[in-house]
>>> print(open('input27.json').read())   # JSON, C-alpha atoms
[["chain", "number", "residue", "atom", "x", "y", "z"],
["A", 1, "MET", "CA", -6.78, -6.86, 5.10],
["A", 2, "LYS", "CA", -5.49, -6.24, 1.61],
["A", 3, "ARG", "CA", -1.97, -4.94, 1.03],
["A", 4, "TYR", "CA", -0.85, -3.06, -2.04],
["A", 5, "CYS", "CA", 2.69, -2.24, -3.04],
["A", 6, "ILE", "CA", 3.50, 1.24, -4.36],
["A", 7, "LYS", "CA", 5.69, 1.40, -7.43],
["A", 8, "THR", "CA", 8.82, 3.24, -6.25],
["A", 9, "ARG", "CA", 12.53, 3.55, -6.86],
["A", 10, "ALA", "CA", 15.02, 0.79, -6.06],
["A", 11, "GLY", "CA", 16.01, 0.44, -2.42],
["A", 12, "ARG", "CA", 12.67, 1.60, -1.08],
["A", 13, "SER", "CA", 9.53, -0.30, -0.21],
["A", 14, "GLU", "CA", 6.17, 1.35, 0.28],
["A", 15, "TYR", "CA", 2.95, -0.45, 1.15],
["A", 16, "VAL", "CA", -0.69, 0.53, 1.50],
["A", 17, "ASP", "CA", -2.90, -1.53, 3.80],
["A", 18, "ILE", "CA", -6.66, -1.09, 3.44],
["A", 19, "LEU", "CA", -8.03, -0.62, 6.97],
["A", 20, "THR", "CA", -11.68, 0.23, 6.23],
["A", 21, "GLU", "CA", -13.80, 0.91, 3.17],
["A", 22, "THR", "CA", -16.53, 3.52, 2.81],
["A", 23, "ASP", "CA", -18.70, 4.63, -0.11],
["A", 24, "ASP", "CA", -16.27, 7.50, -0.73],
["A", 25, "GLY", "CA", -12.98, 5.63, -0.45],
["A", 26, "TYR", "CA", -10.60, 3.87, 1.90],
["A", 27, "LYS", "CA", -8.93, 4.50, 5.22],
["A", 28, "ILE", "CA", -5.37, 3.30, 4.68],
["A", 29, "ARG", "CA", -2.13, 2.70, 6.51],
["A", 30, "LEU", "CA", 0.90, 3.83, 4.49],
["A", 31, "THR", "CA", 4.21, 2.19, 5.40],
["A", 32, "LYS", "CA", 7.51, 3.44, 3.96],
["A", 33, "LEU", "CA", 10.70, 1.41, 4.42],
["A", 34, "SER", "CA", 14.02, 2.94, 3.42],
["A", 35, "GLY", "CA", 17.54, 2.30, 4.66],
["A", 36, "GLY", "CA", 16.34, 0.52, 7.78],
["A", 37, "ASP", "CA", 13.91, 3.33, 8.68],
["A", 38, "GLU", "CA", 10.18, 2.73, 8.85],
["A", 39, "LYS", "CA", 7.56, 5.49, 8.67],
["A", 40, "VAL", "CA", 3.90, 4.69, 9.17],
["A", 41, "ARG", "CA", 0.89, 6.97, 8.86],
["A", 42, "GLU", "CA", -2.84, 6.59, 8.42],
["A", 43, "ASP", "CA", -4.77, 8.55, 5.82],
["A", 44, "PHE", "CA", -7.81, 8.49, 3.55],
["A", 45, "ILE", "CA", -7.79, 7.99, -0.23],
["A", 46, "ASP", "CA", -10.71, 8.72, -2.52],
["A", 47, "ARG", "CA", -12.13, 5.62, -4.24],
["A", 48, "HIS", "CA", -11.73, 7.13, -7.73],
["A", 49, "LEU", "CA", -8.07, 8.04, -7.12],
["A", 50, "PHE", "CA", -7.35, 4.59, -5.68],
["A", 51, "ASP", "CA", -8.93, 2.89, -8.70],
["A", 52, "ILE", "CA", -6.84, 5.00, -11.09],
["A", 53, "CYS", "CA", -3.66, 4.11, -9.17],
["A", 54, "VAL", "CA", -4.48, 0.39, -9.50],
["A", 55, "LYS", "CA", -5.42, 0.64, -13.20],
["A", 56, "THR", "CA", -2.18, 2.46, -14.07],
["A", 57, "GLY", "CA", -0.01, 0.03, -12.09],
["A", 58, "TYR", "CA", 1.16, 2.62, -9.53],
["A", 59, "LEU", "CA", -0.46, 0.39, -6.89],
["A", 60, "TYR", "CA", -0.60, -3.36, -7.23],
["A", 61, "GLU", "CA", -2.02, -5.95, -4.86],
["A", 62, "LEU", "CA", 0.49, -8.29, -3.32],
["A", 63, "ALA", "CA", -0.22, -11.99, -3.69],
["A", 64, "HIS", "CA", -0.74, -13.89, -0.41],
["A", 65, "ALA", "CA", 2.72, -15.52, -0.64],
["A", 66, "GLU", "CA", 4.38, -12.15, -1.31],
["A", 67, "LEU", "CA", 2.50, -10.64, 1.63],
["A", 68, "SER", "CA", 3.77, -13.33, 3.98],
["A", 69, "ALA", "CA", 7.35, -12.84, 2.79],
["A", 70, "ALA", "CA", 7.07, -9.04, 3.13],
["A", 71, "ILE", "CA", 5.86, -9.33, 6.73],
["A", 72, "ILE", "CA", 8.66, -11.72, 7.66],
["A", 73, "ALA", "CA", 11.39, -9.62, 5.99]]
>>> encode(input="input27.json", output="structure tokens")
Amino acid sequence: MKRYCIKTRAGRSEYVDILTETDDGYKIRLTKLSGGDEKVREDFIDRHLFDICVKTGYLYELAHAELSAAIIA
């Protein structure tokens, strides 16, 4: 499973986990962490929109070491 971090304001962490991939896009799990609260939801994102988000830096893939640290934290 790949995890991407969403560029957001300080004090918040938001992650996108790719659950499944189709020809049209991705089924994702969106996790928002803020002030000790965690909100999780599943959704679908169009492949073209996802690619644009990665190209512009709004989403960036976490390195394996960063992923491990994020899960532990």
>>> residues_around(input="input27.json", residues="Leu59 (chain A)", least_positions_apart="5", cutoff="12 Å", atoms="all atoms listed in the file", output="list in words")
Lys2, Arg3, Tyr4, Cys5, Ile6, Lys7, Thr8, Glu14, Tyr15, Val16, Asp17, Leu30, Leu49, Phe50, Asp51, Ile52, Cys53 and Val54 of chain A
>>> closest_atom_pairs(input="input27.json", of="region 3-32 of chain A", to="region 41-45 of chain A", cutoff="7 Å", atoms="only C-alpha atoms", output="tab-separated table")
residue	atom	partner	partner_atom	distance
A:Gly25	CA	A:Ile45	CA	5.7
A:Tyr26	CA	A:Ile45	CA	5.4
A:Lys27	CA	A:Phe44	CA	4.5
A:Ile28	CA	A:Asp43	CA	5.4
A:Arg29	CA	A:Glu42	CA	4.4
A:Leu30	CA	A:Arg41	CA	5.4
A:Thr31	CA	A:Arg41	CA	6.8
>>> atom_distance(input="input27.json", atom1="CA of Ser34 (chain A)", atom2="CA of Thr20 (chain A)")
26.0 Å
>>> axis_aligned_box(input="input27.json", around="region 48-58 of chain A", padding_each_side="6 Å", output="lines of an AutoDock Vina configuration file")
center_x = -5.3
center_y = 4.0
center_z = -9.9
size_x = 24.9
size_y = 20.0
size_z = 20.4
>>> residues_around(input="input27.json", residues="Lys32 (chain A)", least_positions_apart="6", cutoff="8 Å", atoms="all atoms listed in the file", output="number ranges by chain")
A: 12-15, 38-40
>>> closest_residue(input="input27.json", among="A:Gly35, A:Ala63, A:Asp46, A:Met1", to="Ile18 (chain A)", atoms="only C-alpha atoms")
A:Met1
>>> atom_distance(input="input27.json", atom1="CA of Arg47 (chain A)", atom2="CA of Asp23 (chain A)")
7.8 Å
>>> decode(input="input27.json", residues="chain A", atoms="C-alpha atoms", output="mmCIF file, in the first residue's frame")
data_model
loop_
_atom_site.group_PDB
_atom_site.id
_atom_site.type_symbol
_atom_site.label_atom_id
_atom_site.label_comp_id
_atom_site.auth_asym_id
_atom_site.auth_seq_id
_atom_site.Cartn_x
_atom_site.Cartn_y
_atom_site.Cartn_z
ATOM 1 C CA MET A 1 0.000 0.000 0.000
ATOM 2 C CA LYS A 2 1.342 3.405 -0.931
ATOM 3 C CA ARG A 3 0.881 6.379 1.379
ATOM 4 C CA TYR A 4 0.909 9.988 0.264
ATOM 5 C CA CYS A 5 1.070 13.045 2.466
ATOM 6 C CA ILE A 6 -1.181 16.018 1.704
ATOM 7 C CA LYS A 7 0.448 19.422 1.828
ATOM 8 C CA THR A 8 -1.403 21.234 4.638
ATOM 9 C CA ARG A 9 -0.978 23.883 7.294
ATOM 10 C CA ALA A 10 1.259 23.453 10.339
ATOM 11 C CA GLY A 11 -0.154 21.359 13.164
ATOM 12 C CA ARG A 12 -2.170 19.099 10.889
ATOM 13 C CA SER A 13 -1.293 15.857 9.178
ATOM 14 C CA GLU A 14 -3.305 14.402 6.339
ATOM 15 C CA TYR A 15 -2.534 11.158 4.541
ATOM 16 C CA VAL A 16 -3.930 9.322 1.534
ATOM 17 C CA ASP A 17 -3.533 5.550 1.378
ATOM 18 C CA ILE A 18 -4.129 3.891 -1.992
ATOM 19 C CA LEU A 19 -6.435 0.925 -1.345
ATOM 20 C CA THR A 20 -7.173 -0.225 -4.902
ATOM 21 C CA GLU A 21 -6.459 0.986 -8.417
ATOM 22 C CA THR A 22 -8.804 0.913 -11.396
ATOM 23 C CA ASP A 23 -8.529 2.210 -14.959
ATOM 24 C CA ASP A 24 -10.437 5.333 -13.892
ATOM 25 C CA GLY A 25 -8.624 6.115 -10.653
ATOM 26 C CA TYR A 26 -8.031 5.036 -7.083
ATOM 27 C CA LYS A 27 -10.061 3.988 -4.079
ATOM 28 C CA ILE A 28 -8.381 5.806 -1.198
ATOM 29 C CA ARG A 29 -8.445 6.095 2.564
ATOM 30 C CA LEU A 30 -8.088 9.706 3.731
ATOM 31 C CA THR A 31 -6.793 10.185 7.283
ATOM 32 C CA LYS A 32 -6.801 13.602 8.961
ATOM 33 C CA LEU A 33 -4.951 14.140 12.243
ATOM 34 C CA SER A 34 -5.426 17.406 14.111
ATOM 35 C CA GLY A 35 -5.130 18.239 17.795
ATOM 36 C CA GLY A 36 -5.274 14.599 18.843
ATOM 37 C CA ASP A 37 -8.396 13.918 16.744
ATOM 38 C CA GLU A 38 -8.355 11.432 13.896
ATOM 39 C CA LYS A 39 -10.908 11.369 11.079
ATOM 40 C CA VAL A 40 -10.854 8.597 8.511
ATOM 41 C CA ARG A 41 -12.976 8.171 5.402
ATOM 42 C CA GLU A 42 -12.814 6.201 2.183
ATOM 43 C CA ASP A 43 -13.407 7.809 -1.195
ATOM 44 C CA PHE A 44 -12.542 7.622 -4.889
ATOM 45 C CA ILE A 45 -10.223 9.985 -6.774
ATOM 46 C CA ASP A 46 -10.009 10.246 -10.537
ATOM 47 C CA ARG A 47 -6.635 9.186 -11.970
ATOM 48 C CA HIS A 48 -6.148 12.497 -13.814
ATOM 49 C CA LEU A 49 -6.854 14.564 -10.683
ATOM 50 C CA PHE A 50 -4.530 12.373 -8.605
ATOM 51 C CA ASP A 51 -1.722 12.766 -11.152
ATOM 52 C CA ILE A 52 -2.138 16.552 -11.151
ATOM 53 C CA CYS A 53 -1.993 16.619 -7.338
ATOM 54 C CA VAL A 54 1.287 14.652 -7.398
ATOM 55 C CA LYS A 55 2.816 16.772 -10.190
ATOM 56 C CA THR A 56 2.026 20.031 -8.376
ATOM 57 C CA GLY A 57 3.353 18.766 -5.038
ATOM 58 C CA TYR A 58 -0.026 18.882 -3.258
ATOM 59 C CA LEU A 59 0.404 15.125 -2.711
ATOM 60 C CA TYR A 60 3.785 13.536 -2.227
ATOM 61 C CA GLU A 61 4.680 9.914 -1.591
ATOM 62 C CA LEU A 62 6.187 9.179 1.780
ATOM 63 C CA ALA A 63 9.484 7.314 1.777
ATOM 64 C CA HIS A 64 9.426 3.900 3.493
ATOM 65 C CA ALA A 65 11.304 5.239 6.550
ATOM 66 C CA GLU A 66 8.913 8.197 6.848
ATOM 67 C CA LEU A 67 5.949 5.841 6.552
ATOM 68 C CA SER A 68 7.223 3.690 9.414
ATOM 69 C CA ALA A 69 7.770 6.746 11.613
ATOM 70 C CA ALA A 70 4.300 8.120 10.766
ATOM 71 C CA ILE A 71 2.630 4.851 11.750
ATOM 72 C CA ILE A 72 4.512 4.679 15.045
ATOM 73 C CA ALA A 73 3.823 8.333 15.958
#
